[in-house]
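*Asks:* Got a structure for you, written out below as structure tokens; questions coming shortly.
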Amino acid sequence: MSELRDQDVELEVLSSDLVYEGAVWNVRSDTVRYGDGEMTRQYVDHPGAAAVVAIDDERRVVLIQQYRHPITQRDWEIPAGLLDVAGEPPLETAKRELSEEVDLAAEHWQHLVSMRTTPGGSNEVVHIFLARGLSAVENDFEREHEESDMLVQRIELSEVVDAVLEGRVRNGILAVGALAAAEVLRREADTA
């Protein structure tokens, strides 16, 4: 079998209409030629995001818990933010978000994975990075709305993985990031 890889598809776009313009993302309706016919699909047009699995020297992951209105819960997450600064690479967004959300910087950065969160309904791609060599930083970023009462905790990576596998935490970005980080650390230990 050849290398497992997603495949790009070239389609003739017959129309692409902005259905809703939002503060963060938009909704589009595209009609494309597909096979012998046409199809129309609506989707969330998202700028993308960067997220950080920040692990300290004790193998604890820096987690935040914040309110998310669509699910009406305070869910556990890793620091993350939108790719909303023009020209800013995802790694720089990740560094900025780590500082803004949890007042940390990291000495060592590694790309873990890039994932499509909901490819049937959104074009969002989240780039997840592993950050190590953590240190505290001061910043004057003003946290508001859902970020104003975020809880920040450090939880042992194995406990985070257990919570993911047991379904106690269901944030997809946290799940993919924690599992990827655990595998990277396992592979590093195997080669040490």
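All residue names refer to the structure tokens as shown: chains lettered A, B, ... in order, residues numbered from 1 in each chain, ligands numbered from 1 in order.
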Which residues of stretch 126-145 of chain A have any atom within 7 Å of an atom in stretch 44-50 of chain A when counting only C-alpha atoms, and what is the closest pair of atoms for each, with the distance in Å to one decimal? Order the rows by chain and rising number and write it as JSON lines.

*Replies:*
{"residue": "A:Val126", "atom": "CA", "partner": "A:Ala49", "partner_atom": "CA", "distance": 4.7}
{"residue": "A:His127", "atom": "CA", "partner": "A:Ala50", "partner_atom": "CA", "distance": 4.7}
{"residue": "A:Ile128", "atom": "CA", "partner": "A:Ala50", "partner_atom": "CA", "distance": 5.8}

*Asks:* Assign secondary structure with DSSP using the backbone only, and return the residues of stretch 33-158 of chain A in alpha helix (DSSP H) as a PDB file with C-alpha atoms, in the first residue's frame.

*Replies:*
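What ended up in selection.pdb:
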ATOM      1  CA  PRO A  90       0.679  29.076  13.517  1.00  0.00           C
ATOM      2  CA  LEU A  91       3.737  28.585  15.764  1.00  0.00           C
ATOM      3  CA  GLU A  92       3.784  32.299  16.618  1.00  0.00           C
ATOM      4  CA  THR A  93       0.047  32.167  17.348  1.00  0.00           C
ATOM      5  CA  ALA A  94       0.671  29.222  19.676  1.00  0.00           C
ATOM      6  CA  LYS A  95       3.417  31.135  21.501  1.00  0.00           C
ATOM      7  CA  ARG A  96       1.180  34.196  21.836  1.00  0.00           C
ATOM      8  CA  GLU A  97      -1.752  32.157  23.131  1.00  0.00           C
ATOM      9  CA  LEU A  98       0.401  30.351  25.713  1.00  0.00           C
ATOM     10  CA  SER A  99       1.475  33.722  27.047  1.00  0.00           C
ATOM     11  CA  GLU A 100      -1.957  35.371  26.891  1.00  0.00           C
ATOM     12  CA  GLU A 101      -3.958  32.504  28.339  1.00  0.00           C
ATOM     13  CA  VAL A 102      -1.665  31.029  31.001  1.00  0.00           C
ATOM     14  CA  LEU A 157      -0.165  13.632  31.220  1.00  0.00           C
ATOM     15  CA  SER A 158      -1.167  10.047  32.024  1.00  0.00           C
TER      16      SER A 158
END

*Asks:* Suppose you want the space between atom CA of A:Glu77 and atom CA of A:Val137; what is it in Å?

*Replies:*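 Distance between the two atoms: 20.4 Å.
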
*Asks:* What separation in Å, quoted to one decimal, exists between atom CA of A:Ala175 and atom CA of A:Val160?

*Replies:*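 Separating atom CA of A:Ala175 from atom CA of A:Val160 is a distance of 8.4 Å.
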
*Asks:* Enumerate the residues of stretch 21-185 of chain A with a DSSP assignment of strand (DSSP E), computed from the backbone, and present them as a ChimeraX atom specification.

*Replies:* /A:21,26-34,37-45,49-54,60-68,73-77,80-82,104-116,125-136,151-156

*Asks:* If we count only C-alpha atoms, what is near A:Arg33 at a cut-off of 10 Å, once residues fewer than 5 positions away on the same chain are taken out, given as a PyMOL selection string?

*Replies:* chain A and resi 10-15+38-40

*Asks:* The selected residues should be written to file as a PDB file, in the first residue's frame (atoms: C-alpha atoms).

*Replies:*
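File written: part.pdb
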ATOM      1  CA  GLU A  10     -10.095  19.771  -7.926  1.00  0.00           C
ATOM      2  CA  LEU A  11     -13.727  20.834  -8.342  1.00  0.00           C
ATOM      3  CA  GLU A  12     -15.366  23.426 -10.538  1.00  0.00           C
ATOM      4  CA  VAL A  13     -17.008  25.926  -8.194  1.00  0.00           C
ATOM      5  CA  LEU A  14     -20.228  27.102  -9.795  1.00  0.00           C
ATOM      6  CA  SER A  15     -21.104  29.534  -7.016  1.00  0.00           C
ATOM      7  CA  GLU A  38     -23.869  19.338  -9.022  1.00  0.00           C
ATOM      8  CA  MET A  39     -24.136  19.602  -5.264  1.00  0.00           C
ATOM      9  CA  THR A  40     -24.607  22.451  -2.831  1.00  0.00           C
TER      10      THR A  40
END

*Asks:* To one decimal in Å, tell me the separation between atom CA of A:Pro119 and atom CA of A:Trp76.

*Replies:*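 Interatomic distance here is 22.4 Å.
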
*Asks:* Just want the 12 Å neighbourhood of A:Gly121, counted on only C-alpha atoms, with same-chain residues fewer than 5 positions away dropped. Output as a list of chain:residue names.

*Replies:*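 Near A:Gly121, the qualifying residues are A:Asn26, A:Val27, A:Arg28, A:Ser29, A:Arg41, A:Gln42, A:Tyr43, A:Val44, A:Asp45, A:His46, A:Arg116.
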
*Asks:* May I have the residues from that selection written out with N, CA, C and O atoms, as a compact mmCIF listing (two decimals), in the first residue's frame?

*Replies:*
# COMPACT_ATOMS: atom_id res chain seq x y z
N ASN A 26 -17.49 32.72 9.34
CA ASN A 26 -18.63 32.94 8.44
C ASN A 26 -19.25 31.61 8.05
O ASN A 26 -18.66 30.55 8.26
N VAL A 27 -20.43 31.69 7.46
CA VAL A 27 -21.06 30.51 6.87
C VAL A 27 -21.18 30.77 5.37
O VAL A 27 -21.63 31.83 4.95
N ARG A 28 -20.72 29.80 4.59
CA ARG A 28 -20.74 29.90 3.13
C ARG A 28 -21.61 28.79 2.55
O ARG A 28 -21.79 27.74 3.17
N SER A 29 -22.11 29.03 1.36
CA SER A 29 -22.84 28.03 0.60
C SER A 29 -22.19 27.93 -0.77
O SER A 29 -22.18 28.91 -1.53
N ARG A 41 -23.37 22.67 -0.78
CA ARG A 41 -23.02 22.40 0.61
C ARG A 41 -22.78 23.71 1.35
O ARG A 41 -22.16 24.62 0.82
N GLN A 42 -23.27 23.77 2.59
CA GLN A 42 -23.01 24.91 3.47
C GLN A 42 -21.96 24.47 4.48
O GLN A 42 -21.92 23.31 4.91
N TYR A 43 -21.10 25.41 4.88
CA TYR A 43 -20.05 25.08 5.84
C TYR A 43 -19.59 26.34 6.56
O TYR A 43 -19.78 27.45 6.09
N VAL A 44 -18.98 26.12 7.71
CA VAL A 44 -18.38 27.21 8.46
C VAL A 44 -17.01 27.50 7.85
O VAL A 44 -16.18 26.60 7.72
N ASP A 45 -16.80 28.75 7.43
CA ASP A 45 -15.53 29.20 6.87
C ASP A 45 -14.72 29.78 8.03
O ASP A 45 -15.03 30.86 8.53
N HIS A 46 -13.72 29.04 8.46
CA HIS A 46 -13.01 29.31 9.72
C HIS A 46 -11.57 29.72 9.44
O HIS A 46 -10.93 29.15 8.57
N ARG A 116 -8.16 18.58 11.14
CA ARG A 116 -9.42 19.20 10.73
C ARG A 116 -10.45 18.83 11.78
O ARG A 116 -10.68 17.64 12.03

*Asks:* Taking 4 positions as the minimum chain separation for residues in the same chain, which residues sit within 7 Å of A:Gln110 when counting only C-alpha atoms? Answer as a list in words.

*Replies:*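 Answer for this query is Phe129, Leu130 and Ala131 of chain A.
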
*Asks:* Dump N, CA and C atoms for the selected residues as an mmCIF file, in the first residue's frame?

*Replies:*
data_model
loop_
_atom_site.group_PDB
_atom_site.id
_atom_site.type_symbol
_atom_site.label_atom_id
_atom_site.label_comp_id
_atom_site.auth_asym_id
_atom_site.auth_seq_id
_atom_site.Cartn_x
_atom_site.Cartn_y
_atom_site.Cartn_z
ATOM 1 N N PHE A 129 0.877 22.150 18.872
ATOM 2 C CA PHE A 129 2.301 22.143 19.165
ATOM 3 C C PHE A 129 2.561 21.610 20.562
ATOM 4 N N LEU A 130 3.720 20.980 20.726
ATOM 5 C CA LEU A 130 4.204 20.551 22.028
ATOM 6 C C LEU A 130 5.190 21.602 22.509
ATOM 7 N N ALA A 131 4.990 22.091 23.733
ATOM 8 C CA ALA A 131 5.871 23.112 24.316
ATOM 9 C C ALA A 131 6.472 22.560 25.596
#

*Asks:* So, with only C-alpha atoms as the atoms that count, which of A:Asn123, A:Ser135, A:Gln65, A:Gln153 lies closest to A:Trp25?

*Replies:* A:Asn123
